[in-house]
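Structure file run_35.csv (CSV, C-alpha atoms and all ligand atoms) is printed below.
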chain,number,residue,atom,x,y,z
A,1,MET,CA,15.8,-3.4,-18.3
A,2,ASP,CA,15.5,-5.5,-15.1
A,3,SER,CA,12.9,-8.2,-14.5
A,4,PRO,CA,10.1,-7.3,-12.1
A,5,PHE,CA,10.6,-8.9,-8.7
A,6,GLY,CA,7.2,-8.3,-7.1
A,7,LEU,CA,3.6,-8.4,-8.4
A,8,LEU,CA,0.9,-6.6,-6.6
A,9,ALA,CA,-2.3,-8.4,-7.7
A,10,GLU,CA,-5.2,-6.1,-6.8
A,11,LEU,CA,-7.9,-8.8,-7.0
A,12,THR,CA,-10.8,-6.5,-6.3
A,13,TYR,CA,-11.5,-2.9,-5.1
A,14,ARG,CA,-14.6,-4.1,-3.2
A,15,CYS,CA,-14.1,-3.8,0.5
A,16,PRO,CA,-16.2,-4.1,3.7
A,17,LEU,CA,-14.3,-1.3,5.4
A,18,ALA,CA,-14.4,2.4,4.6
A,19,CYS,CA,-11.0,3.8,5.7
A,20,ALA,CA,-10.5,7.5,4.9
A,21,TYR,CA,-6.8,6.8,4.2
A,22,CYS,CA,-7.5,4.2,1.5
A,23,SER,CA,-5.2,4.6,-1.5
A,24,ASN,CA,-7.6,2.9,-3.9
A,25,PRO,CA,-8.9,5.0,-6.7
A,26,VAL,CA,-11.6,7.5,-5.8
A,27,ASN,CA,-13.6,6.7,-8.9
A,28,LEU,CA,-14.2,3.0,-9.1
A,29,ALA,CA,-16.6,3.2,-12.1
A,30,GLY,CA,-14.2,1.4,-14.4
A,31,TYR,CA,-13.4,-1.5,-12.2
A,32,SER,CA,-16.6,-3.6,-11.9
A,33,GLY,CA,-15.5,-6.0,-14.7
A,34,GLU,CA,-13.0,-7.9,-12.6
A,35,LEU,CA,-10.6,-10.4,-14.2
A,36,THR,CA,-12.0,-13.9,-14.1
A,37,THR,CA,-10.2,-16.8,-12.4
A,38,ASP,CA,-8.8,-18.0,-15.7
A,39,GLU,CA,-7.5,-14.5,-16.5
A,40,TRP,CA,-5.8,-14.2,-13.1
A,41,ARG,CA,-4.3,-17.7,-13.6
A,42,ARG,CA,-2.8,-16.5,-16.9
A,43,VAL,CA,-1.5,-13.3,-15.3
A,44,LEU,CA,0.2,-15.2,-12.5
A,45,ALA,CA,1.8,-17.6,-15.0
A,46,GLU,CA,3.0,-14.7,-17.2
A,47,ALA,CA,4.3,-12.9,-14.1
A,48,ARG,CA,6.3,-16.0,-13.2
A,49,ASP,CA,7.7,-16.3,-16.7
A,50,LEU,CA,8.7,-12.6,-16.5
A,51,GLY,CA,10.8,-13.3,-13.4
A,52,VAL,CA,8.4,-12.3,-10.6
A,53,LEU,CA,9.1,-14.1,-7.3
A,54,GLN,CA,6.7,-12.6,-4.9
A,55,CYS,CA,3.0,-12.1,-5.3
A,56,HIS,CA,1.0,-9.8,-3.0
A,57,LEU,CA,-2.7,-10.6,-3.2
A,58,SER,CA,-4.4,-7.4,-2.2
A,59,GLY,CA,-7.4,-5.1,-2.9
A,60,GLY,CA,-9.8,-3.8,-1.6
A,61,GLU,CA,-10.4,-6.9,0.3
A,62,PRO,CA,-9.0,-10.0,-1.5
A,63,LEU,CA,-11.0,-12.4,0.7
A,64,LEU,CA,-14.1,-11.2,-1.3
A,65,ARG,CA,-12.9,-13.2,-4.3
A,66,ARG,CA,-14.5,-16.6,-4.1
A,67,ASP,CA,-11.6,-18.0,-6.1
A,68,LEU,CA,-8.9,-16.8,-3.7
A,69,VAL,CA,-8.0,-20.3,-2.6
A,70,ASP,CA,-7.7,-21.4,-6.2
A,71,LEU,CA,-5.5,-18.4,-7.1
A,72,VAL,CA,-3.3,-19.0,-4.1
A,73,ALA,CA,-2.9,-22.7,-5.1
A,74,HIS,CA,-2.1,-21.7,-8.6
A,75,ALA,CA,0.5,-19.1,-7.6
A,76,HIS,CA,2.0,-21.6,-5.2
A,77,GLY,CA,2.2,-24.2,-7.9
A,78,LEU,CA,4.1,-21.8,-10.0
A,79,GLY,CA,6.7,-21.4,-7.3
A,80,LEU,CA,5.6,-17.8,-6.3
A,81,TYR,CA,5.9,-16.6,-2.7
A,82,THR,CA,2.4,-15.5,-1.8
A,83,ASN,CA,1.4,-12.8,0.7
A,84,LEU,CA,-2.2,-12.1,1.5
A,85,VAL,CA,-2.7,-8.4,2.3
A,86,THR,CA,-6.1,-8.3,4.1
A,87,SER,CA,-8.3,-6.6,6.6
A,88,ALA,CA,-9.0,-10.1,7.8
A,89,PHE,CA,-12.7,-9.4,7.7
A,90,GLY,CA,-14.0,-12.7,6.5
A,91,LEU,CA,-10.9,-14.8,7.4
A,92,SER,CA,-12.9,-17.6,9.2
A,93,ARG,CA,-11.0,-20.6,10.4
A,94,PRO,CA,-12.3,-22.9,7.6
A,95,ARG,CA,-11.2,-20.4,5.0
A,96,ALA,CA,-7.8,-19.9,6.6
A,97,GLU,CA,-7.3,-23.7,6.7
A,98,GLN,CA,-8.1,-23.9,3.0
A,99,LEU,CA,-5.6,-21.1,2.3
A,100,ARG,CA,-3.0,-22.8,4.4
A,101,ALA,CA,-3.5,-26.1,2.4
A,102,ALA,CA,-3.3,-24.1,-0.8
A,103,GLY,CA,0.2,-23.0,0.1
A,104,LEU,CA,-0.3,-19.4,1.2
A,105,ASP,CA,3.1,-18.3,2.6
A,106,HIS,CA,2.4,-15.1,4.6
A,107,VAL,CA,-0.4,-13.0,6.0
A,108,GLN,CA,-0.5,-9.3,6.6
A,109,ILE,CA,-3.5,-8.0,8.5
A,110,SER,CA,-4.3,-4.3,8.9
A,111,VAL,CA,-5.7,-2.8,12.1
A,112,GLN,CA,-6.6,0.8,12.5
A,113,ALA,CA,-5.8,1.3,16.2
A,114,ASP,CA,-5.2,-0.6,19.4
A,115,GLU,CA,-8.6,0.1,20.9
A,116,PRO,CA,-11.8,-1.4,19.5
A,117,ALA,CA,-13.9,1.8,19.4
A,118,VAL,CA,-11.1,3.9,17.8
A,119,SER,CA,-10.2,1.1,15.3
A,120,ASP,CA,-13.8,0.6,14.3
A,121,ARG,CA,-14.4,4.3,13.9
A,122,ILE,CA,-11.4,4.7,11.6
A,123,ALA,CA,-12.4,1.6,9.6
A,124,GLY,CA,-16.0,2.8,9.3
A,125,THR,CA,-17.1,-0.7,10.2
A,126,PRO,CA,-17.2,-2.8,13.4
A,127,SER,CA,-14.2,-5.1,12.6
A,128,PHE,CA,-11.7,-4.9,15.4
A,129,ARG,CA,-12.8,-8.0,17.3
A,130,ARG,CA,-12.9,-10.1,14.1
A,131,LYS,CA,-9.4,-8.9,13.2
A,132,ILE,CA,-8.0,-10.0,16.5
A,133,GLU,CA,-9.7,-13.4,16.2
A,134,ALA,CA,-8.2,-13.8,12.7
A,135,MET,CA,-4.7,-12.9,14.0
A,136,GLY,CA,-5.1,-15.7,16.5
A,137,VAL,CA,-6.0,-18.2,13.7
A,138,VAL,CA,-3.1,-17.1,11.6
A,139,LYS,CA,-0.7,-17.8,14.4
A,140,GLU,CA,-2.3,-21.1,15.3
A,141,LEU,CA,-1.9,-22.2,11.7
A,142,GLY,CA,1.7,-21.4,11.9
A,143,TRP,CA,1.9,-18.5,9.4
A,144,PRO,CA,4.3,-15.6,9.8
A,145,LEU,CA,2.1,-12.6,10.7
A,146,THR,CA,2.6,-9.0,9.8
A,147,VAL,CA,0.4,-6.5,11.5
A,148,ASN,CA,0.0,-3.3,9.4
A,149,VAL,CA,-1.1,0.0,10.9
A,150,VAL,CA,-1.5,3.0,8.7
A,151,LEU,CA,-0.6,6.0,10.9
A,152,HIS,CA,-2.1,9.5,10.7
A,153,ARG,CA,-3.2,12.4,12.8
A,154,HIS,CA,-6.0,10.4,14.4
A,155,ASN,CA,-4.1,7.4,15.6
A,156,ILE,CA,-0.4,8.2,15.8
A,157,ASP,CA,-0.6,9.2,19.4
A,158,ARG,CA,-1.6,5.6,20.2
A,159,VAL,CA,1.6,4.0,18.7
A,160,ALA,CA,2.7,2.6,22.1
A,161,GLY,CA,-0.7,0.8,22.4
A,162,VAL,CA,-0.5,-0.4,18.8
A,163,LEU,CA,3.0,-1.9,19.5
A,164,GLY,CA,1.6,-3.6,22.6
A,165,LEU,CA,-1.2,-5.1,20.6
A,166,ALA,CA,1.2,-6.5,18.0
A,167,GLU,CA,3.2,-8.0,20.7
A,168,GLU,CA,0.2,-9.5,22.4
A,169,VAL,CA,-1.1,-11.2,19.2
A,170,GLY,CA,2.4,-12.6,18.6
A,171,ALA,CA,3.1,-10.7,15.3
A,172,ASP,CA,6.5,-11.5,13.7
A,173,ARG,CA,6.6,-8.0,12.2
A,174,VAL,CA,4.7,-4.8,12.7
A,175,GLU,CA,4.6,-2.3,10.0
A,176,LEU,CA,3.8,1.3,11.1
A,177,ALA,CA,3.3,3.1,7.9
A,178,ASN,CA,2.6,6.8,7.9
A,179,THR,CA,-0.1,7.5,5.3
A,180,GLN,CA,0.8,7.9,1.7
A,181,TYR,CA,-1.4,10.5,0.1
A,182,TYR,CA,-3.1,8.8,-2.9
A,183,GLY,CA,-6.7,8.0,-3.7
A,184,TRP,CA,-9.0,8.7,-0.7
A,185,ALA,CA,-6.0,9.6,1.4
A,186,TRP,CA,-5.1,12.4,-1.0
A,187,ARG,CA,-8.7,13.7,-0.7
A,188,ASN,CA,-8.3,13.6,3.1
A,189,ARG,CA,-4.7,14.7,3.3
A,190,ASP,CA,-5.2,17.9,5.4
A,191,ALA,CA,-7.2,16.0,8.0
A,192,LEU,CA,-4.7,13.1,8.1
A,193,LEU,CA,-1.3,14.8,8.1
A,194,PRO,CA,0.2,14.6,11.7
A,195,SER,CA,2.0,17.4,13.4
A,196,ARG,CA,5.7,17.6,14.0
A,197,ALA,CA,5.1,17.1,17.7
A,198,GLN,CA,3.1,14.0,17.1
A,199,LEU,CA,5.8,12.5,14.9
A,200,ALA,CA,8.6,13.3,17.3
A,201,ALA,CA,6.7,11.6,20.2
A,202,ALA,CA,5.9,8.5,18.0
A,203,GLU,CA,9.6,8.2,17.0
A,204,VAL,CA,10.7,8.0,20.6
A,205,VAL,CA,8.2,5.2,21.3
A,206,VAL,CA,9.2,3.3,18.1
A,207,ARG,CA,12.9,3.6,18.8
A,208,ALA,CA,12.5,2.2,22.4
A,209,ALA,CA,10.2,-0.6,21.1
A,210,ARG,CA,12.7,-1.6,18.4
A,211,GLU,CA,15.4,-2.0,21.1
A,212,ARG,CA,13.1,-3.9,23.5
A,213,LEU,CA,11.6,-6.2,20.9
A,214,ARG,CA,14.9,-6.7,18.9
A,215,ASP,CA,14.8,-10.5,19.2
A,216,ARG,CA,11.1,-11.1,18.9
A,217,MET,CA,9.5,-8.8,16.4
A,218,ASP,CA,10.6,-6.6,13.4
A,219,VAL,CA,9.4,-3.1,13.9
A,220,ILE,CA,9.2,-1.3,10.5
A,221,TYR,CA,8.5,2.4,10.7
A,222,VAL,CA,7.7,4.2,7.4
A,223,LEU,CA,8.4,7.9,7.8
A,224,PRO,CA,5.9,10.4,6.4
A,225,ASP,CA,7.7,11.8,3.4
A,226,TYR,CA,6.1,15.3,3.7
A,227,TYR,CA,8.5,15.8,6.6
A,228,SER,CA,11.6,14.4,4.8
A,229,ARG,CA,14.3,16.4,3.2
A,230,TYR,CA,14.5,14.0,0.2
A,231,PRO,CA,11.7,12.0,-1.4
A,232,LYS,CA,11.2,8.3,-1.1
A,233,PRO,CA,12.7,6.1,-3.9
A,234,CYS,CA,9.1,5.2,-4.9
A,235,MET,CA,8.7,1.6,-6.1
A,236,GLY,CA,12.5,1.4,-6.3
A,237,GLY,CA,12.2,3.4,-9.6
A,238,TRP,CA,9.4,3.5,-12.1
A,239,ALA,CA,8.8,0.1,-13.8
A,240,SER,CA,12.1,-1.2,-12.4
A,241,ARG,CA,11.3,-4.0,-10.0
A,242,GLN,CA,7.5,-4.0,-9.3
A,243,LEU,CA,4.3,-4.1,-11.2
A,244,THR,CA,0.6,-3.8,-10.3
A,245,VAL,CA,-2.3,-5.4,-12.0
A,246,THR,CA,-5.6,-3.8,-11.1
A,247,PRO,CA,-8.9,-5.7,-10.7
A,248,ASN,CA,-9.9,-5.0,-14.4
A,249,GLY,CA,-6.6,-6.1,-15.8
A,250,ASP,CA,-4.8,-2.7,-16.2
A,251,VAL,CA,-1.1,-3.0,-15.7
A,252,LEU,CA,0.7,-0.2,-13.8
A,253,PRO,CA,4.2,0.4,-12.4
A,254,CYS,CA,2.6,1.3,-9.1
A,255,PRO,CA,-0.8,1.2,-7.5
A,256,ALA,CA,-1.5,4.9,-7.8
A,257,ALA,CA,-0.6,5.4,-11.4
A,258,GLN,CA,-4.1,5.1,-12.8
A,259,SER,CA,-4.5,8.8,-11.8
A,260,LEU,CA,-1.8,9.8,-14.3
A,261,PRO,CA,-2.7,10.8,-17.9
A,262,LEU,CA,-0.9,7.9,-19.5
A,263,PRO,CA,-2.1,5.4,-22.1
A,264,ARG,CA,-3.7,2.2,-20.7
A,265,ALA,CA,-2.2,-1.2,-20.9
A,266,SER,CA,-4.3,-4.2,-20.1
A,267,VAL,CA,-3.6,-7.9,-19.7
A,268,ARG,CA,-6.9,-8.4,-21.6
A,269,GLU,CA,-5.3,-7.0,-24.7
A,270,GLU,CA,-1.6,-7.9,-24.4
A,271,SER,CA,0.8,-10.2,-22.6
A,272,LEU,CA,2.4,-9.0,-19.4
A,273,GLU,CA,5.8,-9.4,-21.0
A,274,ARG,CA,4.9,-7.1,-23.9
A,275,ILE,CA,3.5,-4.6,-21.5
A,276,TRP,CA,6.5,-4.7,-19.2
A,277,ALA,CA,9.0,-4.4,-22.1
A,278,GLY,CA,7.3,-1.9,-24.4
A,279,SER,CA,4.1,-0.2,-23.3
A,280,PRO,CA,4.1,3.6,-23.0
A,281,VAL,CA,2.9,3.4,-19.4
A,282,MET,CA,6.0,1.4,-18.4
A,283,SER,CA,8.5,3.4,-20.4
A,284,ALA,CA,7.2,6.9,-19.5
A,285,PHE,CA,9.5,7.4,-16.5
A,286,ARG,CA,11.8,4.4,-16.6
A,287,GLY,CA,15.5,5.2,-16.0
A,288,THR,CA,16.7,8.8,-15.7
A,289,ASP,CA,16.4,10.3,-19.2
A,290,TRP,CA,13.0,11.8,-18.5
A,291,MET,CA,14.2,13.8,-15.6
A,292,PRO,CA,14.0,17.6,-15.5
A,293,GLU,CA,16.4,19.8,-13.4
A,294,PRO,CA,17.2,19.8,-10.6
A,295,CYS,CA,17.1,15.9,-10.7
A,296,ARG,CA,18.9,15.6,-14.0
A,297,SER,CA,22.2,16.9,-12.6
A,298,CYS,CA,21.7,15.8,-9.0
A,299,ALA,CA,24.0,13.2,-7.3
A,300,ARG,CA,21.0,11.5,-5.8
A,301,ARG,CA,19.1,10.8,-9.1
A,302,GLU,CA,20.0,7.0,-9.0
A,303,LEU,CA,19.1,6.8,-5.3
A,304,ASP,CA,15.6,8.3,-5.1
A,305,PHE,CA,14.8,8.4,-8.9
A,306,GLY,CA,13.3,11.9,-8.5
A,307,GLY,CA,10.8,10.7,-5.9
A,308,CYS,CA,7.2,9.7,-6.7
A,309,ARG,CA,5.6,10.4,-10.1
A,310,CYS,CA,2.1,10.1,-8.7
A,311,GLN,CA,2.8,12.5,-5.9
A,312,ALA,CA,4.4,15.0,-8.4
A,313,PHE,CA,1.3,14.8,-10.5
A,314,LEU,CA,-1.2,15.2,-7.6
A,315,LEU,CA,0.7,18.2,-6.2
A,316,THR,CA,1.7,20.0,-9.5
A,317,GLY,CA,-0.5,18.5,-12.3
A,318,ASP,CA,2.7,17.3,-14.1
A,319,ALA,CA,4.0,13.8,-13.4
A,320,ALA,CA,7.4,14.7,-14.9
A,321,ARG,CA,8.3,17.3,-12.3
A,322,THR,CA,10.6,16.7,-9.4
A,323,ASP,CA,8.7,15.3,-6.4
A,324,PRO,CA,7.8,18.5,-4.4
A,325,VAL,CA,8.7,16.6,-1.2
A,326,CYS,CA,12.4,17.3,-2.2
A,327,HIS,CA,13.7,20.5,-0.6
A,328,LEU,CA,15.4,21.2,-4.0
A,329,SER,CA,12.2,21.1,-6.0
A,330,PRO,CA,10.9,24.4,-7.3
A,331,ASP,CA,7.5,23.2,-6.1
A,332,HIS,CA,8.6,22.4,-2.6
A,333,HIS,CA,6.4,25.2,-1.2
A,334,LEU,CA,3.3,23.1,-2.0
A,335,VAL,CA,4.5,20.5,0.6
A,336,ALA,CA,5.8,23.1,3.0
A,337,ARG,CA,2.4,24.8,3.0
A,338,ALA,CA,0.6,21.6,3.9
A,339,VAL,CA,3.0,20.9,6.7
A,340,GLU,CA,2.6,24.4,8.1
A,341,ALA,CA,-1.2,24.0,8.1
A,342,ALA,CA,-0.9,20.6,9.9
A,343,ASN,CA,1.2,22.3,12.6
A,344,ALA,CA,-1.2,25.2,13.0
A,345,ALA,CA,-4.2,23.0,13.5
A,346,SER,CA,-5.2,21.7,16.9
A,347,PRO,CA,-3.6,18.4,17.9
A,348,GLY,CA,-6.5,16.0,17.5
A,349,GLY,CA,-7.3,17.3,14.1
A,350,ASP,CA,-10.1,19.8,13.5
A,351,ARG,CA,-11.0,18.7,10.1
A,352,SER,CA,-13.4,15.8,9.5
A,353,LEU,CA,-12.5,12.7,7.5
A,354,ILE,CA,-14.4,11.7,4.3
A,355,PRO,CA,-14.8,7.9,4.6
A,356,ARG,CA,-14.3,5.8,1.5
A,357,PRO,CA,-17.8,4.5,0.6
A,358,HIS,CA,-18.4,0.9,1.4
A,359,ARG,CA,-18.1,-1.3,-1.7
A,360,VAL,CA,-19.0,-4.8,-0.8
A,361,ARG,CA,-21.5,-7.5,-1.8
A,362,ARG,CA,-20.7,-10.5,0.5
A,363,VAL,CA,-17.6,-11.6,2.4
A,364,GLU,CA,-16.9,-15.4,2.1
A,365,ARG,CA,-16.8,-17.1,5.5
B,1,LIG,FE1,16.2,13.4,-5.6
B,1,LIG,FE2,15.7,15.1,-7.7
B,1,LIG,FE3,15.7,16.0,-5.2
B,1,LIG,FE4,18.0,15.2,-6.3
B,1,LIG,S1,16.7,16.9,-6.9
B,1,LIG,S2,17.3,14.7,-4.3
B,1,LIG,S3,17.2,13.4,-7.6
B,1,LIG,S4,14.3,14.5,-6.1
B,2,LIG,FE1,3.1,6.0,-8.3
B,2,LIG,FE2,5.0,6.7,-6.5
B,2,LIG,S1,3.0,5.9,-6.2
B,2,LIG,S2,5.2,6.5,-8.6
Kindly return the structure encoded in the file as structure tokens.
Amino acid sequence: MDSPFGLLAELTYRCPLACAYCSNPVNLAGYSGELTTDEWRRVLAEARDLGVLQCHLSGGEPLLRRDLVDLVAHAHGLGLYTNLVTSAFGLSRPRAEQLRAAGLDHVQISVQADEPAVSDRIAGTPSFRRKIEAMGVVKELGWPLTVNVVLHRHNIDRVAGVLGLAEEVGADRVELANTQYYGWAWRNRDALLPSRAQLAAAEVVVRAARERLRDRMDVIYVLPDYYSRYPKPCMGGWASRQLTVTPNGDVLPCPAAQSLPLPRASVREESLERIWAGSPVMSAFRGTDWMPEPCRSCARRELDFGGCRCQAFLLTGDAARTDPVCHLSPDHHLVARAVEAANAASPGGDRSLIPRPHRVRRVER
């Protein structure tokens, strides 16, 4: 068993935005009892002892945690590389300066489109202007900045403008990630899935931008796996290199696994080390012994690990099946049918999006 390399610390599921592609759980009833500052401090220390090197502070909106600066300072003191994954809603200059002094290493800010009205509509909250201001502060304070844009049917045609925006704000890296269908995004899948023509057009733009911006900005483009022949090697394999701790202390091998019918493991009851090494949730799909055919005898089983367990569960009701994205899967028709429907629908999308409800009390300024 390898040590985990990365910890996704989901500090809260509260969020001032209401994106319809959010991958947070649809039912947030069990997550109001967030870990305390001391509990997170212990989790970070245990993660470091386990071998974790990178800590992604995420949510929801991690800036909603009043103790964020304290947690960053603690992670930094432990020698962890810290990355803040944020909407930037609430990243005022004083707060940013405190985070800088606490040792935060990297900031990733999401934006929903290149144009204020479109971005705010997709975010369900007027937020574009504040995001751009925050990006300016991040650059002024000397942080490396990643701009993250989740792509889907309603914004993928604007990818050239999005790249222009990233260039304008001086991003070091832009991550154009086609939507992964979990949580609210799963609920909205049919309204979010782009068409083949939209993807083909976006790919031309991305390829040209990569060439043009080669020396200035990394352009990462995450393909939509529904259009791929083989599935993604999700998380680099189940409980192999990454772990997630949810706001209430549940420990998962990936952020979407709370939807699977697996026994819970919580940092409130056990140490991270015991959970990583021996809990049923971690061992359920570790390695290759659990694999059914066609994965079991497939030459790619150590390359893609049979794809994504959460996607297999959402599509088939059985997390132990081959990811239906794979063209060899006996369930591939489930993906093919969704793709067919996306290509039959009118280009702009004729289904409305169900926004994630707002869950926020107050954003620190
Ligand atoms: Fe990957 Fe399984 Fe498909 Fe082979 S059959 S390519 S291991 S998902
Ligand atoms: Fe859970 Fe892929 S998101 S295994």
Point to revise | Residues within 12 Å of Ala277 in chain A, all atoms listed in the file, excluding chain neighbours under 6 positions, as JSON, numbers by chain | key: {"A": [1, 2, 3, 4, 50, 239, 240, 243, 253, 265, 270, 271, 283, 284, 286]}
Check your understanding: Of the candidates A:Ser92, A:Ser266, A:Asn178, A:Thr12, which one gets nearest to Gly136 in chain A if we count only C-alpha atoms?
Key ->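 Among the listed residues, A:Ser92 lies closest to Gly136 in chain A.
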With only C-alpha atoms and all ligand atoms counted, collect every polymer residue having an atom within 10 Å of ligand LIG 2 (chain B); state the result as a CSV table (one decimal) with C-alpha atoms, keeping the file's coordinate frame.
chain,number,residue,atom,x,y,z
A,23,SER,CA,-5.2,4.6,-1.5
A,180,GLN,CA,0.8,7.9,1.7
A,181,TYR,CA,-1.4,10.5,0.1
A,182,TYR,CA,-3.1,8.8,-2.9
A,231,PRO,CA,11.7,12.0,-1.4
A,232,LYS,CA,11.2,8.3,-1.1
A,233,PRO,CA,12.7,6.1,-3.9
A,234,CYS,CA,9.1,5.2,-4.9
A,235,MET,CA,8.7,1.6,-6.1
A,236,GLY,CA,12.5,1.4,-6.3
A,237,GLY,CA,12.2,3.4,-9.6
A,238,TRP,CA,9.4,3.5,-12.1
A,239,ALA,CA,8.8,0.1,-13.8
A,252,LEU,CA,0.7,-0.2,-13.8
A,253,PRO,CA,4.2,0.4,-12.4
A,254,CYS,CA,2.6,1.3,-9.1
A,255,PRO,CA,-0.8,1.2,-7.5
A,256,ALA,CA,-1.5,4.9,-7.8
A,257,ALA,CA,-0.6,5.4,-11.4
A,258,GLN,CA,-4.1,5.1,-12.8
A,259,SER,CA,-4.5,8.8,-11.8
A,260,LEU,CA,-1.8,9.8,-14.3
A,285,PHE,CA,9.5,7.4,-16.5
A,305,PHE,CA,14.8,8.4,-8.9
A,306,GLY,CA,13.3,11.9,-8.5
A,307,GLY,CA,10.8,10.7,-5.9
A,308,CYS,CA,7.2,9.7,-6.7
A,309,ARG,CA,5.6,10.4,-10.1
A,310,CYS,CA,2.1,10.1,-8.7
A,311,GLN,CA,2.8,12.5,-5.9
A,312,ALA,CA,4.4,15.0,-8.4
A,313,PHE,CA,1.3,14.8,-10.5
A,319,ALA,CA,4.0,13.8,-13.4
A,323,ASP,CA,8.7,15.3,-6.4
Check your understanding: Quick one: residues within 12 Å of Ile122 in chain A, only C-alpha atoms counted, chain neighbours fewer than 2 positions away excluded, as a VMD selection string?
Key -> chain A and resid 17 to 22 110 to 120 124 to 128 149 to 155 192 352 to 356
Exercise for review: Quote the spacing between CA of Glu97 in chain A and CA of Leu141 in chain A in Å to one decimal place.
Suggested key: 7.5 Å
Point to revise | Env. residues ligand LIG 1 (chain B) / 12 Å / all atoms listed in the file / as a PyMOL selection string | key: chain A and resi 225+228-234+237+287-288+290-309+311-312+320-332
Review point. So how far away is CA of Glu39 in chain A from CA of Glu273 in chain A, in Å?
Key: 14.9 Å
Review point. Quick one: distance from CA of Arg65 in chain A to CA of Leu104 in chain A in Å, one decimal?
Key: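 Taking CA of Arg65 in chain A as the start and CA of Leu104 in chain A as the end point, the length is 15.1 Å.
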Check your understanding: So which residues touch Thr82 in chain A within 10 Å, counting only C-alpha atoms, skipping near sequence neighbours fewer than 3 positions away, as a VMD selection string?
Key -> chain A and resid 7 53 to 57 71 to 73 75 to 76 79 85 103 to 107
**Study point:** Pick from A:His333, A:Arg173, A:Arg121, A:Arg100, whichever lies nearest to Val219 in chain A using only C-alpha atoms
**Key:**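 Of A:His333, A:Arg173, A:Arg121, A:Arg100, the one nearest Val219 in chain A is A:Arg173, counting only C-alpha atoms.
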Review point. Which residue, A:Val26, A:Ser58, A:Ser32, A:Tyr226, has the smallest gap to Asp190 in chain A when you use all atoms listed in the file?
Key: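 Residue with the minimum atom-to-atom distance to Asp190 in chain A: A:Tyr226.
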Review point. Between A:Leu213, A:Ala197, A:Ile220, A:Val52, which is the closest to Leu176 in chain A once you count all atoms listed in the file?
Key: A:Ile220
Exercise for review: Scan for residues within 10 Å of the point (-5.0, -13.9, 12.7) in the coordinates of the file, using all atoms listed in the file, and reply as a list in words.
Suggested key: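 Nearby residues: Ala88, Leu91, Ser92, Arg93, Ala96, Val107, Gln108, Ile109, Arg130, Lys131, Ile132, Glu133, Ala134, Met135, Gly136, Val137, Val138, Lys139, Glu140, Leu141, Trp143, Pro144, Leu145, Thr146, Val147, Val169, Gly170 and Ala171 of chain A.
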Practice item. Give the answer as one residue: which of A:Phe89, A:Gly161, A:Asp67, A:Ala345 has the shortest atom-to-atom distance to Trp40 in chain A, using all atoms listed in the file? Key: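 Of A:Phe89, A:Gly161, A:Asp67, A:Ala345, the one nearest Trp40 in chain A is A:Asp67, counting all atoms listed in the file.
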**Study point:** Exercise: Val251 in chain A partners within 8 Å, all atoms listed in the file, chain neighbours under 5 positions left out, as a PyMOL selection string
**Key:** chain A and resi 243-246+264-267+272+275
Point to revise | Top pick for closest residue to Glu10 in chain A, considering A:Pro25, A:Pro94, A:Gly317, A:Gly278 and counting only C-alpha atoms | key: A:Pro25
